[in-house]
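> Handing you a structure now.
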Amino acid sequence: METFLPSLTKVVGTLGPKSRSVDVLEACLKAGLSVARFDFSWLDEDYHQETLENLKEACKNVNKLCAVMLDTQGPELQVHNKTGRPIELKVDDHVTITPDISIEPSSEVLPVYYTGLSEAVKKGDTIFLGQYLFTGSETTSVWLEVVETTGSDVICLVKNSATLAGFIFTMHISQVHINLPTLTEVDKQVISTWGSRNNVDIVSLSYTRHVEDVRELREFLNSQNLHETQIFAKIENVEGLRHFDEILQEVDGIILSRGNLGIDLPPEKVFLFQKSAVYKCNMAGKPAIVTRVVDSMTDNLRPTRAEATDVANAVLDGTDGILLGAETLRGLYPVETIKTVGRICAEAESVYNQALHYKRAVKHVIEPMSREEPVAASAVHAASKVKAAIIVVFTSSGRAARWIARYRPTVPVVAVVIPRQGTGLSGTSQARQCLLLRGIYPILDCPNVSITSDGSIEEADLTFALDHSKAVGLVKPHDRVVVFQKIGDSAVVKIVNVED
Ligand SMILES: Nc1ncnc2c1ncn2[C@@H]1O[C@H](COP(=O)(O)OP(=O)(O)O)[C@@H](O)[C@H]1O
Ligand SMILES: C=C(OP(=O)(O)O)C(=O)O
Ligand SMILES: [K+]
Ligand SMILES: [Mg+2]
C-alpha cells in the first residue's frame with residue numbers, strides 16, 4: 001500500500017529522458033517526489049518546458065504539489081562529443097586536453113572550452129571526466145593525472161581504463177580555481193526566459209564559491225522580477241566549503257553536491273564535511289540537501305548496502321532532503337529509486353535522536369532572535385508530550401514552518417499557507433518552497449477565506465486544515481493535534497482533538 005507521506009525527509013528528483021512522461025511523473029509523485037530539478041547543464045529550454053508541462057499535469061492528476069528547481073550550468077567545464085561515438089581511454093596511455101574546440105574529441109585529444117587550463121594546473125593535479133562523474137565502479141568516467149603542459153595544452157596520464165559514452169562529459173579538476181563567473185551569461189539567459197516564464201521556486205546555484213556569487217544571483221533575480229524565488233547554493237568544491245559560513249548566511253538552503261565534492265576532496269574527508277555542513281544548516285534553520293546517494297540504482301533495482309547505509313546516515317546527520325540525479329534522470333528505475341530512498345529515510349527517522357537535536361537547537365540562538373521562534377519550539381515539544389498525530393502551522397512566508405522544522409518534530413507538520421494580504425501573491429511559491437523542509441507538508445489555504453483577526457474565520461481555517469489532513473489519512477478522529485499560529489502580534493500554541 002502507498003502511504004501518503006512515505007518519509008519526512010524530502011526527495012528531490014532530477015527530471016530527464018526517463019522521468020518526463022505524465023505517467024512516470026504521477027508515479028514519482030505518489031512515490032514521494034517533492035521537488036523537480038531541471039538541470040540546465042543538459043538539454044535545452046524547450047525540452048525542459050515540455051517536461052515541466054507534463055509535471056504540472058501529473059501534479060493536477062494526483063493532487064500533489066511539487067516544487068520547481070532550476071539548476072544552473074555555472075562554470076562547469078564540458079567536453080562536447082558531437083558524434084556521440086564512444087571514446088576509449090586505456091590505463092597508462094596519454095591524452096591531451098586542448099582549448100581548441102574545433103578538434104573532434106578522441107582517445108588522443110579532449111577539447112574543452114576553457115583557455116586558462118594549462119596555466120591553472122600543475123604536474124600531479126587530478127582531473128576527472130565523464131558523463132556522470134565517478135559512480136564508484138568506473139567504466140564510464142576517467143581519472144587523469146597531469147604530466148606536463150605545453151603551450152595551452154595539458155598532457156595527462158590515464159589512471160583507469162574507461163569508455164566515455166554520451167554527448168557531453170563533465171570535467172572536474174580537483175582543487176583548482178576555474179576563472180569563470182559562477183553565474184554565467186548562459187545561466188542569466190535561461191533564468192530570464194525559462195525561469196521567469198515559469199516563476200521558478202528555487203534556483204540551485206551550481207559551484208557556489210563565495211558569498212558574492214549568491215548576492216549577484218539575488219540581484220539578478222530581482223532585476224527579473226523573481227523576488228520570491230529562493231536561492232540554494234550548491235557546494236561542489238573546497239572553495240565553496242571554505243566560505244561555507246558566509247554563504248549559509250545569505251542563502252535559503254544548501255545542496256551538498258557530493259558528486260563533485262567527493263572528487264574535489266580526498267575521499268577520507270567527505271563524511272566530516274557533510275556532518276559539519278548539515279549541522280550548521282540545521283542550527284541556522286535552513287534546509288540541507290545531500291546528493292549522489294544511490295548511484296548504483298541507475299541500472300539496478302537494489303542499492304548497495306553501502307549506499308543504503310549512507311542514505312540512513314544522511315538522515316541521522318539531519319539532512320532535509322535527498323537529491324537524485326542520474327537515478328531519476330536517465331536511470332532504469334526512477335520510481336523504484338524514490339520508493340527505496342523513502343523507505344530507508346523513514347526507517348532512519350524512526351530512530352533519529354530528536355531529543356538531542358532539540359536540545360542543541362534550543363541552545364543555539366539565531367540572531368536576531370524572534371519572539372515567535374521559542375513558541376514554535378514549544379509547539380514541537382508539546383507535540384511529543386501529548387503524542388500529537390500532526391502539527392498544524394499557519395504561515396505566509398514559510399518562516400513559521402521553518403521555525404517548526406528547525407526543531408525536527410517526529411510527526412508530519414501541515415503548513416497552511418495563507419497568502420499575504422495586499423501583496424497580490426498567491427502563496428503558491430511559498431507553499432512549494434516548504435517542500436524542501438524535512439517534515440513539512442504544505443497545503444494551500446482555501447482561496448475564498450480572507451483573513452481577519454476575527455476568531456471565527458481562524459477556526460474555520462483550522463477546520464479546513466484538519467478536514468484535509470483527515471482526507472489524506474494524516475489524522476483520524478480523536479487524534480491530538482498541536483497548532484502553532486500567529487494571531488495579531490501574538491504567537492500561540494494550542495492542542496486540539498480531531499472530531500468525528
Ligand atoms: N486559524 C487560522 N486561520 C487563518 N489564518 C490564520 C490562522 N492562524 C493564523 N493565521 C494567520 O496566518 C498568517 C501566518 O502568517 P505570518 O504570521 O506572517 O507567518 P510567517 O511569519 O510564517 O510568514 C497570519 O496572518 C495569521 O494571522
Ligand atoms: C548533483 C551534483 O552535480 P551535477 O549538477 O553535476 O549533477 C553533484 O555534484 O553531486
Ligand atoms: K548543473
Ligand atoms: Mg555537480
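By convention in this document, the chains of the C-alpha cells carry letters A, B, ... by their order, each chain's residues are numbered from 1, and ligands are numbered from 1 in the order they are shown.
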Within 7 Å of ligand 1 (counting only C-alpha atoms and all ligand atoms), which residues show up? I'd like them as a ChimeraX atom specification.
/A:394-401,418,420,451,453,457-462,485-488
> I need the residues from that last selection saved to file as an mmCIF file, in the first residue's frame (with N, CA, C and O atoms), if you can.

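In the end it all went to again27.cif:
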```cif
data_model
loop_
_atom_site.group_PDB
_atom_site.id
_atom_site.type_symbol
_atom_site.label_atom_id
_atom_site.label_comp_id
_atom_site.auth_asym_id
_atom_site.auth_seq_id
_atom_site.Cartn_x
_atom_site.Cartn_y
_atom_site.Cartn_z
ATOM 1 N N PHE A 394 0.316 27.815 10.626
ATOM 2 C CA PHE A 394 -0.139 28.791 9.631
ATOM 3 C C PHE A 394 1.030 29.695 9.270
ATOM 4 O O PHE A 394 1.739 30.173 10.157
ATOM 5 N N THR A 395 1.212 29.901 8.007
ATOM 6 C CA THR A 395 2.366 30.695 7.580
ATOM 7 C C THR A 395 2.040 31.439 6.291
ATOM 8 O O THR A 395 1.220 30.978 5.495
ATOM 9 N N SER A 396 2.673 32.585 6.118
ATOM 10 C CA SER A 396 2.537 33.298 4.842
ATOM 11 C C SER A 396 3.816 33.169 4.040
ATOM 12 O O SER A 396 3.818 32.765 2.883
ATOM 13 N N SER A 397 4.928 33.497 4.695
ATOM 14 C CA SER A 397 6.213 33.495 4.001
ATOM 15 C C SER A 397 6.884 32.127 4.041
ATOM 16 O O SER A 397 7.827 31.878 3.301
ATOM 17 N N GLY A 398 6.419 31.271 4.922
ATOM 18 C CA GLY A 398 7.068 29.974 5.119
ATOM 19 C C GLY A 398 7.970 29.993 6.346
ATOM 20 O O GLY A 398 8.469 28.958 6.786
ATOM 21 N N ARG A 399 8.149 31.211 6.906
ATOM 22 C CA ARG A 399 9.066 31.365 8.031
ATOM 23 C C ARG A 399 8.650 30.521 9.231
ATOM 24 O O ARG A 399 9.459 29.820 9.828
ATOM 25 N N ALA A 400 7.359 30.575 9.571
ATOM 26 C CA ALA A 400 6.882 29.825 10.733
ATOM 27 C C ALA A 400 7.107 28.316 10.534
ATOM 28 O O ALA A 400 7.449 27.600 11.475
ATOM 29 N N ALA A 401 6.931 27.860 9.292
ATOM 30 C CA ALA A 401 7.167 26.439 9.004
ATOM 31 C C ALA A 401 8.644 26.107 9.202
ATOM 32 O O ALA A 401 8.988 25.039 9.711
ATOM 33 N N ILE A 418 -1.052 30.862 3.976
ATOM 34 C CA ILE A 418 -2.047 31.922 3.839
ATOM 35 C C ILE A 418 -1.454 33.029 2.970
ATOM 36 O O ILE A 418 -0.422 33.601 3.347
ATOM 37 N N ARG A 420 -0.329 36.408 1.736
ATOM 38 C CA ARG A 420 -0.254 37.669 2.484
ATOM 39 C C ARG A 420 -1.127 38.714 1.806
ATOM 40 O O ARG A 420 -1.041 38.913 0.610
ATOM 41 N N ILE A 451 -8.471 36.805 5.496
ATOM 42 C CA ILE A 451 -8.012 36.735 6.880
ATOM 43 C C ILE A 451 -8.361 38.010 7.624
ATOM 44 O O ILE A 451 -8.035 39.110 7.182
ATOM 45 N N SER A 453 -8.786 39.352 11.954
ATOM 46 C CA SER A 453 -8.412 38.894 13.296
ATOM 47 C C SER A 453 -9.618 38.223 13.955
ATOM 48 O O SER A 453 -9.550 37.780 15.088
ATOM 49 N N ILE A 457 -13.258 33.054 11.731
ATOM 50 C CA ILE A 457 -12.605 32.710 10.467
ATOM 51 C C ILE A 457 -11.374 31.854 10.740
ATOM 52 O O ILE A 457 -11.111 30.882 10.043
ATOM 53 N N GLU A 458 -10.655 32.202 11.778
ATOM 54 C CA GLU A 458 -9.474 31.403 12.092
ATOM 55 C C GLU A 458 -9.858 29.976 12.450
ATOM 56 O O GLU A 458 -9.175 29.031 12.075
ATOM 57 N N GLU A 459 -10.955 29.807 13.149
ATOM 58 C CA GLU A 459 -11.434 28.460 13.451
ATOM 59 C C GLU A 459 -11.806 27.741 12.158
ATOM 60 O O GLU A 459 -11.504 26.581 11.977
ATOM 61 N N ALA A 460 -12.468 28.469 11.286
ATOM 62 C CA ALA A 460 -12.884 27.861 10.022
ATOM 63 C C ALA A 460 -11.677 27.342 9.264
ATOM 64 O O ALA A 460 -11.717 26.281 8.647
ATOM 65 N N ASP A 461 -10.594 28.066 9.335
ATOM 66 C CA ASP A 461 -9.397 27.653 8.634
ATOM 67 C C ASP A 461 -8.750 26.424 9.242
ATOM 68 O O ASP A 461 -8.189 25.607 8.521
ATOM 69 N N LEU A 462 -8.794 26.311 10.546
ATOM 70 C CA LEU A 462 -8.247 25.117 11.192
ATOM 71 C C LEU A 462 -9.090 23.910 10.794
ATOM 72 O O LEU A 462 -8.552 22.830 10.523
ATOM 73 N N GLN A 485 0.217 29.150 15.625
ATOM 74 C CA GLN A 485 -0.275 30.209 14.741
ATOM 75 C C GLN A 485 0.007 31.578 15.334
ATOM 76 O O GLN A 485 0.248 31.723 16.520
ATOM 77 N N LYS A 486 -0.030 32.520 14.437
ATOM 78 C CA LYS A 486 0.071 33.893 14.902
ATOM 79 C C LYS A 486 -1.290 34.540 14.780
ATOM 80 O O LYS A 486 -1.962 34.415 13.760
ATOM 81 N N ILE A 487 -1.690 35.185 15.867
ATOM 82 C CA ILE A 487 -2.946 35.918 15.858
ATOM 83 C C ILE A 487 -2.580 37.336 16.261
ATOM 84 O O ILE A 487 -2.131 37.559 17.377
ATOM 85 N N GLY A 488 -2.715 38.223 15.293
ATOM 86 C CA GLY A 488 -2.248 39.589 15.545
ATOM 87 C C GLY A 488 -0.762 39.547 15.839
ATOM 88 O O GLY A 488 0.002 38.942 15.085
#
```
> Enumerate residues in contact with ligand 3: an atom-to-atom distance of at most 8 Å, counting only C-alpha atoms and all ligand atoms. Format the result as a list of chain:residue names.
A:Asp39, A:Phe40, A:Ser41, A:Trp42, A:Asp71, A:Thr72, A:Gln73, A:Gly74, A:Glu76, A:Ser206
> Write out the residues from the selection above, keeping N, CA, C and O atoms, as a PDB file, in the first residue's frame.

```
ATOM      1  N   ASP A  39      18.016  20.385 -14.701  1.00  0.00           N
ATOM      2  CA  ASP A  39      19.451  20.656 -14.770  1.00  0.00           C
ATOM      3  C   ASP A  39      19.801  21.216 -16.145  1.00  0.00           C
ATOM      4  O   ASP A  39      19.795  20.488 -17.142  1.00  0.00           O
ATOM      5  N   PHE A  40      20.129  22.508 -16.167  1.00  0.00           N
ATOM      6  CA  PHE A  40      20.406  23.165 -17.440  1.00  0.00           C
ATOM      7  C   PHE A  40      21.818  22.930 -17.964  1.00  0.00           C
ATOM      8  O   PHE A  40      22.239  23.563 -18.932  1.00  0.00           O
ATOM      9  N   SER A  41      22.564  22.026 -17.316  1.00  0.00           N
ATOM     10  CA  SER A  41      23.812  21.553 -17.914  1.00  0.00           C
ATOM     11  C   SER A  41      23.476  20.614 -19.062  1.00  0.00           C
ATOM     12  O   SER A  41      24.328  20.294 -19.891  1.00  0.00           O
ATOM     13  N   TRP A  42      22.268  20.099 -19.060  1.00  0.00           N
ATOM     14  CA  TRP A  42      21.829  19.126 -20.053  1.00  0.00           C
ATOM     15  C   TRP A  42      20.575  19.637 -20.724  1.00  0.00           C
ATOM     16  O   TRP A  42      19.679  20.133 -20.069  1.00  0.00           O
ATOM     17  N   ASP A  71      18.437  24.369 -12.036  1.00  0.00           N
ATOM     18  CA  ASP A  71      19.845  24.170 -11.677  1.00  0.00           C
ATOM     19  C   ASP A  71      20.734  24.760 -12.780  1.00  0.00           C
ATOM     20  O   ASP A  71      20.615  24.379 -13.940  1.00  0.00           O
ATOM     21  N   THR A  72      21.601  25.692 -12.403  1.00  0.00           N
ATOM     22  CA  THR A  72      22.418  26.389 -13.408  1.00  0.00           C
ATOM     23  C   THR A  72      23.573  25.515 -13.895  1.00  0.00           C
ATOM     24  O   THR A  72      23.938  24.532 -13.245  1.00  0.00           O
ATOM     25  N   GLN A  73      24.118  25.934 -15.002  1.00  0.00           N
ATOM     26  CA  GLN A  73      25.304  25.232 -15.507  1.00  0.00           C
ATOM     27  C   GLN A  73      26.557  25.725 -14.795  1.00  0.00           C
ATOM     28  O   GLN A  73      27.442  24.953 -14.460  1.00  0.00           O
ATOM     29  N   GLY A  74      26.608  27.026 -14.558  1.00  0.00           N
ATOM     30  CA  GLY A  74      27.751  27.585 -13.845  1.00  0.00           C
ATOM     31  C   GLY A  74      29.052  27.391 -14.600  1.00  0.00           C
ATOM     32  O   GLY A  74      29.055  27.130 -15.806  1.00  0.00           O
ATOM     33  N   GLU A  76      30.941  25.118 -15.130  1.00  0.00           N
ATOM     34  CA  GLU A  76      31.245  23.701 -15.361  1.00  0.00           C
ATOM     35  C   GLU A  76      32.001  23.533 -16.677  1.00  0.00           C
ATOM     36  O   GLU A  76      31.581  24.071 -17.697  1.00  0.00           O
ATOM     37  N   SER A 206      24.901  26.368  -9.103  1.00  0.00           N
ATOM     38  CA  SER A 206      25.985  25.395  -9.190  1.00  0.00           C
ATOM     39  C   SER A 206      27.341  26.047  -8.901  1.00  0.00           C
ATOM     40  O   SER A 206      27.563  27.202  -9.248  1.00  0.00           O
TER      41      SER A 206
END
```
> Show which residues sit within 10 Å of Phe484 in chain A, as a list in words. Count only C-alpha atoms, and ignore same-chain residues fewer than 4 positions away.
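Non-adjacent residues within range: Glu372, Val375, Ala376, Ala377, Ser378, Ala379, Val380, Ile391, Val392, Val393, Phe394, Thr395, Ala400, Ala401, Ile404, Ala415, Ala491, Val492, Val493, Lys494 and Ile495 of chain A.
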> Please give the complete set of residues from range 168-273 of chain A that DSSP, run on the backbone, assigns to alpha helix (DSSP H), formatted as a PyMOL selection string.
chain A and resi 185-190+196-197+211-223+238-242+244-250+258-264+270-273
> Leaving out Leu221 in chain A and any residue of its chain fewer than 3 positions from it, which residues lie within 12 Å of it when counting only C-alpha atoms, given as a ChimeraX atom specification?
/A:183,187-193,195-196,199-203,205,214-218,224-231
> Quick one: write out the picked residues with N, CA and C atoms as a PDB file, in the first residue's frame?

```
ATOM      1  N   LEU A 183      27.757  32.673 -12.015  1.00  0.00           N
ATOM      2  CA  LEU A 183      26.523  32.867 -12.779  1.00  0.00           C
ATOM      3  C   LEU A 183      26.950  33.318 -14.178  1.00  0.00           C
ATOM      4  N   ASP A 187      23.515  31.096 -18.060  1.00  0.00           N
ATOM      5  CA  ASP A 187      22.602  30.941 -16.930  1.00  0.00           C
ATOM      6  C   ASP A 187      21.629  32.115 -16.846  1.00  0.00           C
ATOM      7  N   LYS A 188      22.163  33.327 -17.045  1.00  0.00           N
ATOM      8  CA  LYS A 188      21.306  34.519 -16.974  1.00  0.00           C
ATOM      9  C   LYS A 188      20.210  34.444 -18.031  1.00  0.00           C
ATOM     10  N   GLN A 189      20.627  33.999 -19.215  1.00  0.00           N
ATOM     11  CA  GLN A 189      19.684  33.851 -20.317  1.00  0.00           C
ATOM     12  C   GLN A 189      18.563  32.874 -19.938  1.00  0.00           C
ATOM     13  N   VAL A 190      18.954  31.734 -19.401  1.00  0.00           N
ATOM     14  CA  VAL A 190      17.975  30.706 -19.029  1.00  0.00           C
ATOM     15  C   VAL A 190      17.032  31.213 -17.930  1.00  0.00           C
ATOM     16  N   ILE A 191      17.609  31.892 -16.940  1.00  0.00           N
ATOM     17  CA  ILE A 191      16.777  32.390 -15.833  1.00  0.00           C
ATOM     18  C   ILE A 191      15.787  33.434 -16.347  1.00  0.00           C
ATOM     19  N   SER A 192      16.279  34.328 -17.243  1.00  0.00           N
ATOM     20  CA  SER A 192      15.409  35.421 -17.668  1.00  0.00           C
ATOM     21  C   SER A 192      14.285  34.923 -18.578  1.00  0.00           C
ATOM     22  N   THR A 193      14.492  33.817 -19.260  1.00  0.00           N
ATOM     23  CA  THR A 193      13.415  33.299 -20.114  1.00  0.00           C
ATOM     24  C   THR A 193      12.657  32.174 -19.395  1.00  0.00           C
ATOM     25  N   GLY A 195      13.182  30.660 -16.485  1.00  0.00           N
ATOM     26  CA  GLY A 195      12.949  30.920 -15.060  1.00  0.00           C
ATOM     27  C   GLY A 195      11.791  31.867 -14.844  1.00  0.00           C
ATOM     28  N   SER A 196      11.764  32.951 -15.621  1.00  0.00           N
ATOM     29  CA  SER A 196      10.708  33.954 -15.453  1.00  0.00           C
ATOM     30  C   SER A 196       9.370  33.410 -15.913  1.00  0.00           C
ATOM     31  N   ASN A 199       8.148  31.199 -13.307  1.00  0.00           N
ATOM     32  CA  ASN A 199       8.254  31.721 -11.945  1.00  0.00           C
ATOM     33  C   ASN A 199       8.833  30.656 -10.999  1.00  0.00           C
ATOM     34  N   VAL A 200      10.033  30.188 -11.311  1.00  0.00           N
ATOM     35  CA  VAL A 200      10.619  29.046 -10.599  1.00  0.00           C
ATOM     36  C   VAL A 200      10.710  29.285  -9.097  1.00  0.00           C
ATOM     37  N   ASP A 201      10.513  28.222  -8.346  1.00  0.00           N
ATOM     38  CA  ASP A 201      10.520  28.328  -6.886  1.00  0.00           C
ATOM     39  C   ASP A 201      11.934  28.490  -6.339  1.00  0.00           C
ATOM     40  N   ILE A 202      12.878  27.792  -6.992  1.00  0.00           N
ATOM     41  CA  ILE A 202      14.248  27.768  -6.474  1.00  0.00           C
ATOM     42  C   ILE A 202      15.239  27.794  -7.622  1.00  0.00           C
ATOM     43  N   VAL A 203      16.312  28.565  -7.449  1.00  0.00           N
ATOM     44  CA  VAL A 203      17.453  28.411  -8.344  1.00  0.00           C
ATOM     45  C   VAL A 203      18.556  27.735  -7.545  1.00  0.00           C
ATOM     46  N   LEU A 205      22.257  27.223  -7.401  1.00  0.00           N
ATOM     47  CA  LEU A 205      23.415  27.907  -7.978  1.00  0.00           C
ATOM     48  C   LEU A 205      24.626  26.981  -7.943  1.00  0.00           C
ATOM     49  N   VAL A 214      26.243  34.513  -4.470  1.00  0.00           N
ATOM     50  CA  VAL A 214      24.842  34.474  -4.056  1.00  0.00           C
ATOM     51  C   VAL A 214      24.221  35.862  -4.202  1.00  0.00           C
ATOM     52  N   ARG A 215      24.970  36.864  -3.764  1.00  0.00           N
ATOM     53  CA  ARG A 215      24.454  38.237  -3.851  1.00  0.00           C
ATOM     54  C   ARG A 215      24.194  38.624  -5.296  1.00  0.00           C
ATOM     55  N   GLU A 216      25.108  38.219  -6.153  1.00  0.00           N
ATOM     56  CA  GLU A 216      24.956  38.555  -7.566  1.00  0.00           C
ATOM     57  C   GLU A 216      23.699  37.908  -8.141  1.00  0.00           C
ATOM     58  N   LEU A 217      23.468  36.663  -7.775  1.00  0.00           N
ATOM     59  CA  LEU A 217      22.267  35.976  -8.267  1.00  0.00           C
ATOM     60  C   LEU A 217      21.011  36.645  -7.715  1.00  0.00           C
ATOM     61  N   ARG A 218      21.054  37.024  -6.429  1.00  0.00           N
ATOM     62  CA  ARG A 218      19.887  37.687  -5.827  1.00  0.00           C
ATOM     63  C   ARG A 218      19.543  38.952  -6.606  1.00  0.00           C
ATOM     64  N   GLN A 224      14.895  40.543 -12.606  1.00  0.00           N
ATOM     65  CA  GLN A 224      13.976  39.801 -13.478  1.00  0.00           C
ATOM     66  C   GLN A 224      12.598  39.653 -12.837  1.00  0.00           C
ATOM     67  N   ASN A 225      12.392  40.398 -11.754  1.00  0.00           N
ATOM     68  CA  ASN A 225      11.114  40.328 -11.051  1.00  0.00           C
ATOM     69  C   ASN A 225      10.860  38.974 -10.387  1.00  0.00           C
ATOM     70  N   LEU A 226      11.929  38.251 -10.126  1.00  0.00           N
ATOM     71  CA  LEU A 226      11.788  36.951  -9.458  1.00  0.00           C
ATOM     72  C   LEU A 226      12.108  37.120  -7.967  1.00  0.00           C
ATOM     73  N   HIS A 227      11.323  37.988  -7.325  1.00  0.00           N
ATOM     74  CA  HIS A 227      11.598  38.319  -5.921  1.00  0.00           C
ATOM     75  C   HIS A 227      11.320  37.158  -4.983  1.00  0.00           C
ATOM     76  N   GLU A 228      10.401  36.295  -5.380  1.00  0.00           N
ATOM     77  CA  GLU A 228      10.008  35.206  -4.481  1.00  0.00           C
ATOM     78  C   GLU A 228      10.908  33.982  -4.617  1.00  0.00           C
ATOM     79  N   THR A 229      11.665  33.922  -5.703  1.00  0.00           N
ATOM     80  CA  THR A 229      12.497  32.743  -5.964  1.00  0.00           C
ATOM     81  C   THR A 229      13.580  32.597  -4.903  1.00  0.00           C
ATOM     82  N   GLN A 230      13.699  31.390  -4.370  1.00  0.00           N
ATOM     83  CA  GLN A 230      14.735  31.143  -3.369  1.00  0.00           C
ATOM     84  C   GLN A 230      16.047  30.737  -4.038  1.00  0.00           C
ATOM     85  N   ILE A 231      17.129  30.945  -3.293  1.00  0.00           N
ATOM     86  CA  ILE A 231      18.450  30.529  -3.791  1.00  0.00           C
ATOM     87  C   ILE A 231      18.997  29.403  -2.918  1.00  0.00           C
TER      88      ILE A 231
END
```
> Within 10 Å of ligand 4, counting only C-alpha atoms and all ligand atoms: which residues, as a PyMOL selection string?
chain A and resi 41+73-74+76+132-133+170+172+206-207+234-237+255-262+291-292+325
> Any idea what's packed within 12 Å of range 263-268 of chain A, counting only C-alpha atoms, ignoring anything in its chain fewer than 3 positions away? Could you give it as a ChimeraX atom specification?
/A:125-129,133-136,142-144,171-177,207,235-242,257-260,271-274
> Pick from A:Val294, A:Ala284, A:Ala27, A:Val121: nearest to ligand 2, with only C-alpha atoms and all ligand atoms counted?
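So, comparing all the options, the nearest one is A:Val294.
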> What lies within 12 Å of range 64-66 of chain A using only C-alpha atoms, ignoring chain neighbours under 6 positions off, as a ChimeraX atom specification?
/A:4-5,10-13,25-37,52,55-58,200-202,428-436,441-444,472
> Which one is closest to ligand 2: A:Ile155, A:Val293, A:Val251, A:Ala471? Count only C-alpha atoms and all ligand atoms.
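Smallest distance to ligand 2 is found for A:Val293.
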> Got a sec: who's within 8 Å of range 91-103 of chain A, counting only C-alpha atoms, leaving out chain neighbours fewer than 2 positions off, as a list in words?
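Contacts, with the query itself left out: Leu89, Pro105, Ser107, Glu108, Val109, Leu110, Pro111, Val112, Tyr113, Tyr114, Thr115, Leu117, Ser152, Asp153, Val154, Ile155, Cys156, Leu157, Val158, Lys159, Asn160 and Ser161 of chain A.
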> Tell me, in Å to one decimal, how far CA of Thr328 in chain A is from CA of Cys59 in chain A.
17.1 Å
> Find the residue from A:Asn54, A:Ser469, A:Ser490, A:Asn353 that sits nearest to Ser370 in chain A; use only C-alpha atoms when measuring.
A:Ser490
> Once DSSP has gone over the backbone, tell me which residues of range 177-394 of chain A are in strand (DSSP E or B), as a PyMOL selection string.
chain A and resi 202-205+230-235+253-256+288-291+321-324+390-394
> Grab the residues selected above and save them as a PDB file, in the first residue's frame with C-alpha atoms.

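That gives us again-v7.pdb:
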```pdb
ATOM      1  CA  ILE A 202      14.248  27.768  -6.474  1.00  0.00           C
ATOM      2  CA  VAL A 203      17.453  28.411  -8.344  1.00  0.00           C
ATOM      3  CA  SER A 204      20.192  25.984  -7.468  1.00  0.00           C
ATOM      4  CA  LEU A 205      23.415  27.907  -7.978  1.00  0.00           C
ATOM      5  CA  GLN A 230      14.735  31.143  -3.369  1.00  0.00           C
ATOM      6  CA  ILE A 231      18.450  30.529  -3.791  1.00  0.00           C
ATOM      7  CA  PHE A 232      20.051  27.221  -2.880  1.00  0.00           C
ATOM      8  CA  ALA A 233      23.840  27.287  -3.023  1.00  0.00           C
ATOM      9  CA  LYS A 234      25.310  24.153  -4.493  1.00  0.00           C
ATOM     10  CA  ILE A 235      28.558  23.482  -2.676  1.00  0.00           C
ATOM     11  CA  GLY A 253      19.228  26.486   1.518  1.00  0.00           C
ATOM     12  CA  ILE A 254      22.286  24.377   0.734  1.00  0.00           C
ATOM     13  CA  ILE A 255      22.871  21.492  -1.642  1.00  0.00           C
ATOM     14  CA  LEU A 256      25.895  19.397  -0.780  1.00  0.00           C
ATOM     15  CA  ALA A 288      20.289  20.959   3.676  1.00  0.00           C
ATOM     16  CA  ILE A 289      20.064  18.654   0.674  1.00  0.00           C
ATOM     17  CA  VAL A 290      22.505  15.806   0.054  1.00  0.00           C
ATOM     18  CA  THR A 291      23.209  14.430  -3.445  1.00  0.00           C
ATOM     19  CA  GLY A 321      16.303  16.104   1.552  1.00  0.00           C
ATOM     20  CA  ILE A 322      17.987  13.645  -0.748  1.00  0.00           C
ATOM     21  CA  LEU A 323      18.694  14.720  -4.325  1.00  0.00           C
ATOM     22  CA  LEU A 324      18.601  12.047  -7.003  1.00  0.00           C
ATOM     23  CA  ILE A 390       0.468  16.111  13.425  1.00  0.00           C
ATOM     24  CA  ILE A 391       1.382  19.749  13.967  1.00  0.00           C
ATOM     25  CA  VAL A 392      -0.541  22.414  12.071  1.00  0.00           C
ATOM     26  CA  VAL A 393       1.216  25.699  11.364  1.00  0.00           C
ATOM     27  CA  PHE A 394      -0.139  28.791   9.631  1.00  0.00           C
TER      28      PHE A 394
END
```
> In Å, with one decimal, what is the gap from CA of Val365 in chain A to CA of Gly285 in chain A?
10.4 Å
